[in-house]
file upload-v2.txt (compact mmCIF, C-alpha atoms)
# COMPACT_ATOMS: atom_id res chain seq x y z
CA MET A 1 -23.58 -36.75 -48.63
CA LYS A 2 -23.61 -38.09 -45.09
CA GLY A 3 -19.90 -37.50 -44.55
CA LEU A 4 -19.98 -33.83 -45.46
CA THR A 5 -19.91 -31.25 -42.73
CA LEU A 6 -22.72 -28.74 -42.43
CA LEU A 7 -20.58 -25.97 -43.90
CA LYS A 8 -19.66 -28.08 -46.93
CA LYS A 9 -23.30 -29.04 -47.46
CA GLN A 10 -24.31 -25.39 -47.32
CA ALA A 11 -21.59 -24.42 -49.80
CA LEU A 12 -22.62 -27.22 -52.18
CA ILE A 13 -26.29 -26.28 -51.98
CA LEU A 14 -25.49 -22.60 -52.53
CA PHE A 15 -23.27 -23.46 -55.51
CA VAL A 16 -25.99 -25.57 -57.16
CA PHE A 17 -28.50 -22.81 -56.44
CA SER A 18 -26.20 -20.21 -57.98
CA VAL A 19 -25.85 -22.32 -61.14
CA LEU A 20 -29.64 -22.53 -61.43
CA VAL A 21 -30.05 -18.80 -60.77
CA SER A 22 -27.36 -18.06 -63.36
CA VAL A 23 -29.21 -20.02 -66.02
CA ALA A 24 -32.47 -18.38 -65.02
CA SER A 25 -30.98 -14.89 -65.10
CA ILE A 26 -29.51 -15.46 -68.57
CA ILE A 27 -32.84 -16.78 -69.84
CA HIS A 28 -34.64 -13.89 -68.14
CA GLY A 29 -32.37 -11.43 -69.90
CA ILE A 30 -32.99 -13.09 -73.24
CA PHE A 31 -36.76 -13.38 -73.10
CA PHE A 32 -37.79 -10.32 -71.16
CA ASP A 33 -35.44 -7.94 -72.95
CA LEU A 34 -36.30 -9.62 -76.26
CA ASP A 35 -32.64 -9.43 -77.23
CA PHE A 36 -32.04 -12.77 -78.88
CA SER A 37 -28.44 -11.84 -79.69
CA GLN A 38 -27.78 -12.56 -76.00
CA ILE A 39 -28.45 -16.27 -76.60
CA THR A 40 -24.68 -16.62 -76.95
CA ARG A 41 -24.40 -16.02 -73.20
CA LEU A 42 -26.12 -19.36 -72.66
CA THR A 43 -22.89 -21.20 -73.36
CA PHE A 44 -20.66 -22.99 -70.90
CA GLU A 45 -18.34 -19.98 -70.64
CA GLY A 46 -21.25 -17.59 -70.17
CA LEU A 47 -22.69 -19.84 -67.48
CA ILE A 48 -19.35 -20.02 -65.64
CA LEU A 49 -18.92 -16.24 -65.77
CA THR A 50 -22.45 -15.69 -64.49
CA VAL A 51 -21.88 -18.22 -61.68
CA PHE A 52 -18.75 -16.29 -60.66
CA VAL A 53 -20.99 -13.25 -60.19
CA ILE A 54 -23.98 -14.97 -58.56
CA PHE A 55 -22.16 -17.40 -56.20
CA PRO A 56 -20.18 -14.78 -54.22
CA ALA A 57 -23.27 -12.60 -54.04
CA ILE A 58 -25.28 -15.45 -52.51
CA ILE A 59 -22.51 -16.28 -50.02
CA PHE A 60 -22.34 -12.62 -49.01
CA LEU A 61 -26.10 -12.49 -48.50
CA GLU A 62 -26.00 -15.66 -46.41
CA TRP A 63 -23.24 -14.17 -44.26
CA VAL A 64 -25.18 -10.94 -43.76
CA PHE A 65 -28.38 -12.70 -42.74
CA ASP A 66 -26.49 -15.20 -40.59
CA LEU A 67 -24.99 -12.46 -38.41
CA ASN A 68 -28.23 -12.06 -36.50
CA ASN A 69 -28.55 -15.83 -36.04
CA LYS A 70 -25.08 -16.11 -34.51
CA LYS A 71 -25.92 -13.37 -32.03
CA LYS A 72 -29.18 -15.07 -31.06
CA PHE A 73 -27.47 -18.45 -30.61
CA GLU A 74 -24.85 -16.86 -28.38
CA GLU A 75 -27.60 -15.32 -26.23
CA ILE A 76 -29.42 -18.67 -25.97
CA GLU A 77 -26.22 -20.52 -25.08
CA LYS A 78 -25.43 -17.92 -22.42
CA ARG A 79 -28.88 -18.38 -20.85
CA LEU A 80 -28.52 -22.17 -20.93
CA ARG A 81 -25.15 -22.01 -19.18
CA LYS A 82 -26.63 -19.82 -16.44
CA LYS A 83 -29.42 -22.33 -15.76
CA ARG A 84 -27.00 -25.22 -15.26

call {"tool": "encode", "arguments": {"input": "upload-v2.txt", "output": "structure tokens"}}
result
Amino acid sequence: MKGLTLLKKQALILFVFSVLVSVASIIHGIFFDLDFSQITRLTFEGLILTVFVIFPAIIFLEWVFDLNNKKKFEEIEKRLRKKR
């Protein structure tokens, strides 16, 4: 994992997280709704479909919360350039 760039590491971590959240959301739907007919969603196809919903949502949320960070880093870099 040393050769991966930061962006690739972030994407890999987010993908693994989305798989785990997908499994958890399926299980949550089964146990808290007490609808055991939904157990069929806990198949490979159901997991893939849920990941296709969760993964883009997580990437979008990361992008939204990262907007403020980019602005702050630009301000800090601007101040550092002025001091030199």

call {"tool": "atom_distance", "arguments": {"input": "upload-v2.txt", "atom1": "atom CA of Arg79 of chain A", "atom2": "atom CA of Leu61 of chain A"}}
result
28.4 Å

call {"tool": "atom_distance", "arguments": {"input": "upload-v2.txt", "atom1": "atom CA of Glu45 of chain A", "atom2": "atom CA of Phe60 of chain A"}}
result
23.2 Å

call {"tool": "atom_distance", "arguments": {"input": "upload-v2.txt", "atom1": "atom CA of Ala11 of chain A", "atom2": "atom CA of Phe65 of chain A"}}
result
15.3 Å

call {"tool": "closest_residue", "arguments": {"input": "upload-v2.txt", "among": "A:Ile58, A:Val64, A:Leu14, A:Ile26", "to": "Gly46 of chain A", "atoms": "all atoms listed in the file"}}
result
A:Ile26

call {"tool": "closest_residue", "arguments": {"input": "upload-v2.txt", "among": "A:Arg84, A:Leu20, A:Leu6, A:Glu75", "to": "Leu47 of chain A", "atoms": "only C-alpha atoms"}}
result
A:Leu20

call {"tool": "closest_residue", "arguments": {"input": "upload-v2.txt", "among": "A:Glu74, A:Ile54, A:Thr5, A:Ile48", "to": "Phe17 of chain A", "atoms": "only C-alpha atoms"}}
result
A:Ile54

call {"tool": "closest_residue", "arguments": {"input": "upload-v2.txt", "among": "A:Leu7, A:Ile27, A:Val21, A:Leu80", "to": "Ala57 of chain A", "atoms": "only C-alpha atoms"}}
result
A:Val21

call {"tool": "closest_residue", "arguments": {"input": "upload-v2.txt", "among": "A:Lys71, A:Lys78, A:Phe55, A:Glu62", "to": "Val16 of chain A", "atoms": "all atoms listed in the file"}}
result
A:Phe55

call {"tool": "axis_aligned_box", "arguments": {"input": "upload-v2.txt", "around": "segment 58-70 of chain A", "padding_each_side": "4 Å", "output": "JSON"}}
result
{"center_x": -25.4, "center_y": -13.6, "center_z": -43.5, "size_x": 14.2, "size_y": 13.3, "size_z": 26.0}
